[in-house]
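Coordinates as given in final30.cif (mmCIF, C-alpha atoms):
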data_data
#
loop_
_atom_site.group_PDB
_atom_site.id
_atom_site.type_symbol
_atom_site.label_atom_id
_atom_site.label_comp_id
_atom_site.auth_asym_id
_atom_site.auth_seq_id
_atom_site.Cartn_x
_atom_site.Cartn_y
_atom_site.Cartn_z
ATOM 1 C CA MET A 158 -53.201 183.566 163.667
ATOM 2 C CA LYS A 159 -51.103 180.635 164.790
ATOM 3 C CA ASN A 160 -47.826 179.730 163.099
ATOM 4 C CA GLN A 161 -47.643 176.101 164.098
ATOM 5 C CA ILE A 162 -49.632 172.910 163.761
ATOM 6 C CA LYS A 163 -48.685 169.345 164.546
ATOM 7 C CA LEU A 164 -49.119 167.585 161.207
ATOM 8 C CA LEU A 165 -49.279 163.807 160.835
ATOM 9 C CA ARG A 166 -48.777 162.566 157.267
ATOM 10 C CA LEU A 167 -49.954 159.037 156.452
ATOM 11 C CA ASP A 168 -49.419 157.408 153.033
ATOM 12 C CA ALA A 169 -51.072 154.132 152.016
ATOM 13 C CA SER A 170 -50.030 153.603 148.392
ATOM 14 C CA ALA A 171 -48.018 150.441 147.778
ATOM 15 C CA ASN A 172 -46.207 152.246 144.940
ATOM 16 C CA PRO A 173 -44.798 155.425 146.518
ATOM 17 C CA ALA A 174 -42.458 156.270 143.629
ATOM 18 C CA GLY A 175 -45.323 156.595 141.140
ATOM 19 C CA SER A 176 -48.183 157.377 143.494
ATOM 20 C CA SER A 177 -50.591 160.104 142.354
ATOM 21 C CA SER A 178 -52.193 160.219 145.795
ATOM 22 C CA ARG A 179 -48.812 160.803 147.366
ATOM 23 C CA LYS A 180 -47.944 163.592 144.909
ATOM 24 C CA LEU A 181 -51.198 165.346 145.778
ATOM 25 C CA GLY A 182 -50.485 164.802 149.465
ATOM 26 C CA ASP A 183 -47.083 166.422 149.003
ATOM 27 C CA GLU A 184 -48.729 169.505 147.528
ATOM 28 C CA LEU A 185 -51.290 169.686 150.325
ATOM 29 C CA SER A 186 -48.641 169.221 153.025
ATOM 30 C CA GLU A 187 -46.417 171.885 151.451
ATOM 31 C CA ASN A 188 -49.344 174.319 151.402
ATOM 32 C CA LEU A 189 -50.061 173.662 155.052
ATOM 33 C CA GLN A 190 -46.416 174.114 155.997
ATOM 34 C CA HIS A 191 -46.306 177.360 154.016
ATOM 35 C CA TYR A 192 -49.299 178.663 155.911
ATOM 36 C CA TYR A 193 -48.043 177.360 159.267
ATOM 37 C CA PRO A 194 -44.270 177.986 158.944
ATOM 38 C CA ASP A 195 -43.361 176.399 162.275
ATOM 39 C CA THR A 196 -45.256 173.176 161.572
ATOM 40 C CA LEU A 197 -44.092 170.049 163.369
ATOM 41 C CA LEU A 198 -44.278 167.136 160.924
ATOM 42 C CA ARG A 199 -44.375 163.401 161.490
ATOM 43 C CA GLU A 200 -44.658 160.992 158.555
ATOM 44 C CA ARG A 201 -45.543 157.325 158.290
ATOM 45 C CA ASN A 202 -45.587 155.056 155.245
ATOM 46 C CA LEU A 203 -48.270 152.541 156.159
ATOM 47 C CA ASN A 204 -46.653 149.882 153.958
ATOM 48 C CA HIS A 205 -43.681 149.594 156.287
ATOM 49 C CA ASP A 206 -44.030 146.918 158.980
ATOM 50 C CA MET A 207 -47.817 147.205 159.424
ATOM 51 C CA PRO A 208 -48.938 143.946 161.095
ATOM 52 C CA PHE A 209 -52.412 142.482 160.919
ATOM 53 C CA VAL A 210 -54.522 141.889 163.995
ATOM 54 C CA ASP A 211 -54.275 138.255 165.138
ATOM 55 C CA ALA A 212 -55.452 136.098 168.034
ATOM 56 C CA GLN A 213 -52.605 137.179 170.340
ATOM 57 C CA TRP A 214 -53.302 140.857 169.658
ATOM 58 C CA ILE A 215 -57.021 140.401 170.313
ATOM 59 C CA GLY A 216 -56.294 138.546 173.537
ATOM 60 C CA ALA A 217 -54.022 141.339 174.738
ATOM 61 C CA ASN A 218 -56.438 144.068 173.705
ATOM 62 C CA PHE A 219 -59.356 142.489 175.560
ATOM 63 C CA THR A 220 -57.308 141.991 178.717
ATOM 64 C CA SER A 221 -57.667 144.953 181.077
ATOM 65 C CA ALA A 222 -54.587 147.180 181.082
ATOM 66 C CA GLU A 223 -53.732 146.423 184.716
ATOM 67 C CA ASP A 224 -53.842 142.663 184.069
ATOM 68 C CA ARG A 225 -51.693 142.505 180.934
ATOM 69 C CA ASP A 226 -48.455 140.599 181.250
ATOM 70 C CA ASP A 227 -45.210 141.726 179.618
ATOM 71 C CA ALA A 228 -45.882 139.738 176.436
ATOM 72 C CA GLN A 229 -49.320 141.304 176.038
ATOM 73 C CA GLN A 230 -47.982 144.801 176.627
ATOM 74 C CA HIS A 231 -45.322 144.149 174.019
ATOM 75 C CA ARG A 232 -47.968 142.853 171.588
ATOM 76 C CA LEU A 233 -49.881 146.153 171.867
ATOM 77 C CA ALA A 234 -46.839 148.432 171.864
ATOM 78 C CA PHE A 235 -46.968 149.249 168.145
ATOM 79 C CA SER A 236 -50.696 149.954 168.330
ATOM 80 C CA ASP A 237 -50.004 152.254 171.282
ATOM 81 C CA GLN A 238 -47.384 154.062 169.191
ATOM 82 C CA LEU A 239 -49.770 154.592 166.265
ATOM 83 C CA ILE A 240 -52.462 155.923 168.594
ATOM 84 C CA ALA A 241 -49.952 158.230 170.292
ATOM 85 C CA GLU A 242 -49.200 159.735 166.864
ATOM 86 C CA LEU A 243 -52.897 160.432 166.314
ATOM 87 C CA LYS A 244 -53.271 161.958 169.765
ATOM 88 C CA TRP A 245 -50.236 164.166 169.129
ATOM 89 C CA ALA A 246 -51.522 165.562 165.832
ATOM 90 C CA ASP A 247 -53.713 168.619 165.302
ATOM 91 C CA HIS A 248 -54.028 167.972 161.580
ATOM 92 C CA ILE A 249 -53.767 164.724 159.626
ATOM 93 C CA VAL A 250 -53.158 164.253 155.913
ATOM 94 C CA LEU A 251 -53.952 160.746 154.677
ATOM 95 C CA THR A 252 -53.277 159.725 151.076
ATOM 96 C CA THR A 253 -54.636 156.518 149.615
ATOM 97 C CA PRO A 254 -55.501 154.939 146.287
ATOM 98 C CA MET A 255 -58.591 152.820 145.776
ATOM 99 C CA TYR A 256 -57.658 149.161 145.315
ATOM 100 C CA ASN A 257 -60.411 146.905 143.988
ATOM 101 C CA PHE A 258 -63.108 149.330 145.177
ATOM 102 C CA GLY A 259 -61.740 149.461 148.751
ATOM 103 C CA VAL A 260 -58.802 150.682 150.821
ATOM 104 C CA PRO A 261 -55.340 149.094 150.598
ATOM 105 C CA ALA A 262 -54.694 146.237 153.027
ATOM 106 C CA ALA A 263 -52.013 148.253 154.829
ATOM 107 C CA LEU A 264 -54.490 151.050 155.553
ATOM 108 C CA LYS A 265 -57.085 148.576 156.808
ATOM 109 C CA ALA A 266 -54.438 147.038 159.080
ATOM 110 C CA TRP A 267 -53.616 150.510 160.470
ATOM 111 C CA ILE A 268 -57.308 151.208 161.077
ATOM 112 C CA ASP A 269 -57.706 147.947 162.991
ATOM 113 C CA LEU A 270 -54.729 148.854 165.175
ATOM 114 C CA VAL A 271 -55.946 152.348 166.099
ATOM 115 C CA CYS A 272 -59.660 151.649 166.688
ATOM 116 C CA ARG A 273 -59.548 150.447 170.294
ATOM 117 C CA ALA A 274 -62.334 150.609 172.865
ATOM 118 C CA ASP A 275 -61.574 152.899 175.834
ATOM 119 C CA VAL A 276 -58.520 154.245 174.009
ATOM 120 C CA THR A 277 -59.784 155.947 170.833
ATOM 121 C CA PHE A 278 -63.510 155.400 171.422
ATOM 122 C CA ARG A 279 -65.749 154.191 174.221
ATOM 123 C CA TYR A 280 -69.142 152.553 174.433
ATOM 124 C CA THR A 281 -71.984 154.385 176.179
ATOM 125 C CA SER A 282 -75.692 153.756 176.673
ATOM 126 C CA ASP A 283 -76.245 156.019 173.655
ATOM 127 C CA GLY A 284 -73.747 154.190 171.465
ATOM 128 C CA PRO A 285 -70.018 154.573 170.784
ATOM 129 C CA VAL A 286 -68.334 157.930 171.367
ATOM 130 C CA GLY A 287 -65.037 158.944 169.750
ATOM 131 C CA LEU A 288 -62.252 160.179 172.013
ATOM 132 C CA LEU A 289 -59.869 161.874 169.549
ATOM 133 C CA LEU A 290 -61.511 165.288 169.516
ATOM 134 C CA GLY A 291 -60.440 168.657 168.126
ATOM 135 C CA LYS A 292 -58.595 167.354 165.063
ATOM 136 C CA ARG A 293 -58.907 167.809 161.292
ATOM 137 C CA ILE A 294 -58.131 165.269 158.596
ATOM 138 C CA ASP A 295 -57.713 165.805 154.859
ATOM 139 C CA ILE A 296 -58.051 162.542 152.931
ATOM 140 C CA VAL A 297 -56.611 162.401 149.409
ATOM 141 C CA ILE A 298 -58.125 159.545 147.367
ATOM 142 C CA THR A 299 -57.199 158.464 143.843
ATOM 143 C CA THR A 300 -59.032 155.909 141.724
ATOM 144 C CA GLY A 301 -58.413 154.296 138.370
ATOM 145 C CA GLY A 302 -61.892 153.883 136.919
ATOM 146 C CA ALA A 303 -64.413 154.102 139.760
ATOM 147 C CA PRO A 304 -66.090 157.455 140.470
ATOM 148 C CA LEU A 305 -66.037 158.670 144.058
ATOM 149 C CA ASP A 306 -69.461 158.880 145.726
ATOM 150 C CA SER A 307 -70.760 156.186 143.382
ATOM 151 C CA PRO A 308 -72.265 152.799 144.355
ATOM 152 C CA VAL A 309 -68.847 151.171 143.830
ATOM 153 C CA ASP A 310 -66.942 153.637 146.042
ATOM 154 C CA PHE A 311 -66.238 151.758 149.264
ATOM 155 C CA VAL A 312 -63.408 154.096 150.266
ATOM 156 C CA SER A 313 -64.615 157.644 150.932
ATOM 157 C CA GLY A 314 -67.708 156.782 152.983
ATOM 158 C CA TYR A 315 -65.841 154.095 154.895
ATOM 159 C CA LEU A 316 -62.991 156.426 155.842
ATOM 160 C CA LYS A 317 -65.408 159.157 156.905
ATOM 161 C CA GLN A 318 -67.147 156.632 159.158
ATOM 162 C CA VAL A 319 -63.897 155.346 160.663
ATOM 163 C CA PHE A 320 -62.513 158.761 161.567
ATOM 164 C CA SER A 321 -65.849 160.051 162.817
ATOM 165 C CA PHE A 322 -66.107 156.883 164.934
ATOM 166 C CA ILE A 323 -62.903 157.779 166.799
ATOM 167 C CA GLY A 324 -63.931 161.407 167.229
ATOM 168 C CA ILE A 325 -62.401 163.183 164.216
ATOM 169 C CA ASP A 326 -65.368 164.827 162.557
ATOM 170 C CA GLU A 327 -63.685 167.677 160.653
ATOM 171 C CA ILE A 328 -63.065 165.668 157.495
ATOM 172 C CA SER A 329 -62.246 166.834 153.969
ATOM 173 C CA ILE A 330 -62.130 164.489 150.968
ATOM 174 C CA ILE A 331 -59.888 165.489 148.046
ATOM 175 C CA GLY A 332 -60.467 163.197 145.100
ATOM 176 C CA ALA A 333 -58.660 162.459 141.860
ATOM 177 C CA ASP A 334 -60.989 159.772 140.597
ATOM 178 C CA GLN A 335 -61.174 157.961 137.260
ATOM 179 C CA MET A 336 -57.497 158.603 136.546
ATOM 180 C CA ASN A 337 -57.580 155.945 133.814
ATOM 181 C CA VAL A 338 -60.228 157.956 131.964
ATOM 182 C CA ASP A 339 -58.614 161.405 132.004
ATOM 183 C CA ALA A 340 -55.656 161.623 134.356
ATOM 184 C CA LYS A 341 -54.805 165.226 133.525
ATOM 185 C CA ALA A 342 -58.309 166.532 134.240
ATOM 186 C CA SER A 343 -58.688 164.408 137.347
ATOM 187 C CA PHE A 344 -55.370 165.575 138.772
ATOM 188 C CA ALA A 345 -56.218 169.205 137.996
ATOM 189 C CA LYS A 346 -59.580 168.850 139.767
ATOM 190 C CA ALA A 347 -57.853 167.510 142.885
ATOM 191 C CA ARG A 348 -55.280 170.312 142.815
ATOM 192 C CA SER A 349 -58.139 172.806 142.646
ATOM 193 C CA GLN A 350 -59.712 171.132 145.691
ATOM 194 C CA ILE A 351 -56.409 171.451 147.540
ATOM 195 C CA ALA A 352 -56.186 175.153 146.707
ATOM 196 C CA THR A 353 -59.786 175.666 147.859
ATOM 197 C CA SER A 354 -59.204 173.730 151.047
ATOM 198 C CA TYR A 355 -56.088 175.816 151.726
ATOM 199 C CA THR A 356 -57.998 179.079 151.170
ATOM 200 C CA THR A 357 -60.800 177.855 153.421
ATOM 201 C CA ALA A 358 -58.276 177.100 156.145
ATOM 202 C CA ILE A 359 -56.886 180.634 155.922
ATOM 203 C CA VAL A 360 -60.351 182.189 156.187
ATOM 204 C CA ARG A 361 -61.331 179.921 159.084
ATOM 205 C CA GLU A 362 -58.123 180.669 160.979
ATOM 206 C CA ALA A 363 -58.429 184.426 160.449
ATOM 207 C CA SER A 364 -62.062 184.614 161.548
#
In structure tokens, write the structure found in this file.
Amino acid sequence: MKNQIKLLRLDASANPAGSSSRKLGDELSENLQHYYPDTLLRERNLNHDMPFVDAQWIGANFTSAEDRDDAQQHRLAFSDQLIAELKWADHIVLTTPMYNFGVPAALKAWIDLVCRADVTFRYTSDGPVGLLLGKRIDIVITTGGAPLDSPVDFVSGYLKQVFSFIGIDEISIIGADQMNVDAKASFAKARSQIATSYTTAIVREAS
């Protein structure tokens, strides 16, 4: 049984002080660090300095690496840093609320910066193939009124598709949905999912 994982924690809520998704992510991360006592942890609040893709970024990205000038390399440097964090990690914990049936703008900006052809995925004659293999991600999602896995949930399926697209196919969704209906029950359900996920991890690691 290993004692260490490289854990990348990503938080997308625009209201970190009162964020239910972040509180659940704290509990999940603490459980993981209890189980893997020598865990190496990196954290990123996606609301800090997350730029949107623009014409200059697209131009740099679609210029071959050997032909990029200094300005283009500089334009992609932050994207390179975000991708390096993903490559470094064994295990990722992402926390996000649902905003207006979708993901927060900061999370969408991060996704656009890390989904890069020939870096995190590549095109083949059989379709795109993800390059970030051998990783697990636990995604904590909170919603106000919309049920997860319903016709108005454009978060959970989208995030599964994005991470599978770049090669991360061991994906767990932990949901505290409809918090405006019964916050206590919803939070308790998510905590139970975290405990189950933690137990499952122990069994998988021991087997």
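Shortest separation to Leu165 (chain A) among A:Asp310, A:Asp227, A:Asp326, A:Asp295 occurs at residue A:Asp295, atoms counted being all atoms listed in the file.
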Residues within 8 Å of Pro194 (chain A), all atoms listed in the file, excluding chain neighbours under 2 positions, as an MDAnalysis selection string: chainID A and resid 160:161 190:192 196
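This file gives the following result for the PyMOL selection byres ((chain A and resi 261-278) around 6): Ala169, Leu203, Asn204, Phe209, Ser236, Ile240, Tyr256, Val260, Arg279, Val286, Gly287, Leu288 and Ile323 of chain A.
With CA of Val297 (chain A) on one side and CA of Ile351 (chain A) on the other, the separation reads 9.2 Å.
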I'd like to know which of A:Asn188, A:Ser343, A:Asn172, A:Gln230 is closest to His205 (chain A), using all atoms listed in the file. A:Asn172
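Our summary of the geometry notes that CA of Arg166 (chain A) is positioned 9.8 Å from CA of Ile294 (chain A).
In this model, the gap between CA of Val250 (chain A) and CA of Gly284 (chain A) comes to 27.7 Å.
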Leaving out Glu327 (chain A) and any residue of its chain fewer than 6 positions from it, which residues lie within 10 Å of it when counting only C-alpha atoms, given as a JSON list (two decimals) with C-alpha atoms, in the coordinates of the input?
[["chain", "number", "residue", "atom", "x", "y", "z"],
["A", 248, "HIS", "CA", -54.03, 167.97, 161.58],
["A", 290, "LEU", "CA", -61.51, 165.29, 169.52],
["A", 291, "GLY", "CA", -60.44, 168.66, 168.13],
["A", 292, "LYS", "CA", -58.60, 167.35, 165.06],
["A", 293, "ARG", "CA", -58.91, 167.81, 161.29],
["A", 294, "ILE", "CA", -58.13, 165.27, 158.60],
["A", 295, "ASP", "CA", -57.71, 165.80, 154.86],
["A", 317, "LYS", "CA", -65.41, 159.16, 156.90],
["A", 320, "PHE", "CA", -62.51, 158.76, 161.57],
["A", 321, "SER", "CA", -65.85, 160.05, 162.82]]
List the residues sitting within 12 Å of (-69.0, 157.1, 145.3) in the file's frame, using all atoms listed in the file, as JSON, numbers by chain. {"A": [255, 258, 259, 298, 299, 300, 302, 303, 304, 305, 306, 307, 308, 309, 310, 311, 312, 313, 314, 315, 330, 332, 334, 335]}
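Using only C-alpha atoms for every distance, the candidate list A:Lys346, A:Gln318, A:Asp339, A:Ile296 yields A:Ile296 as the residue closest to Leu251 (chain A).
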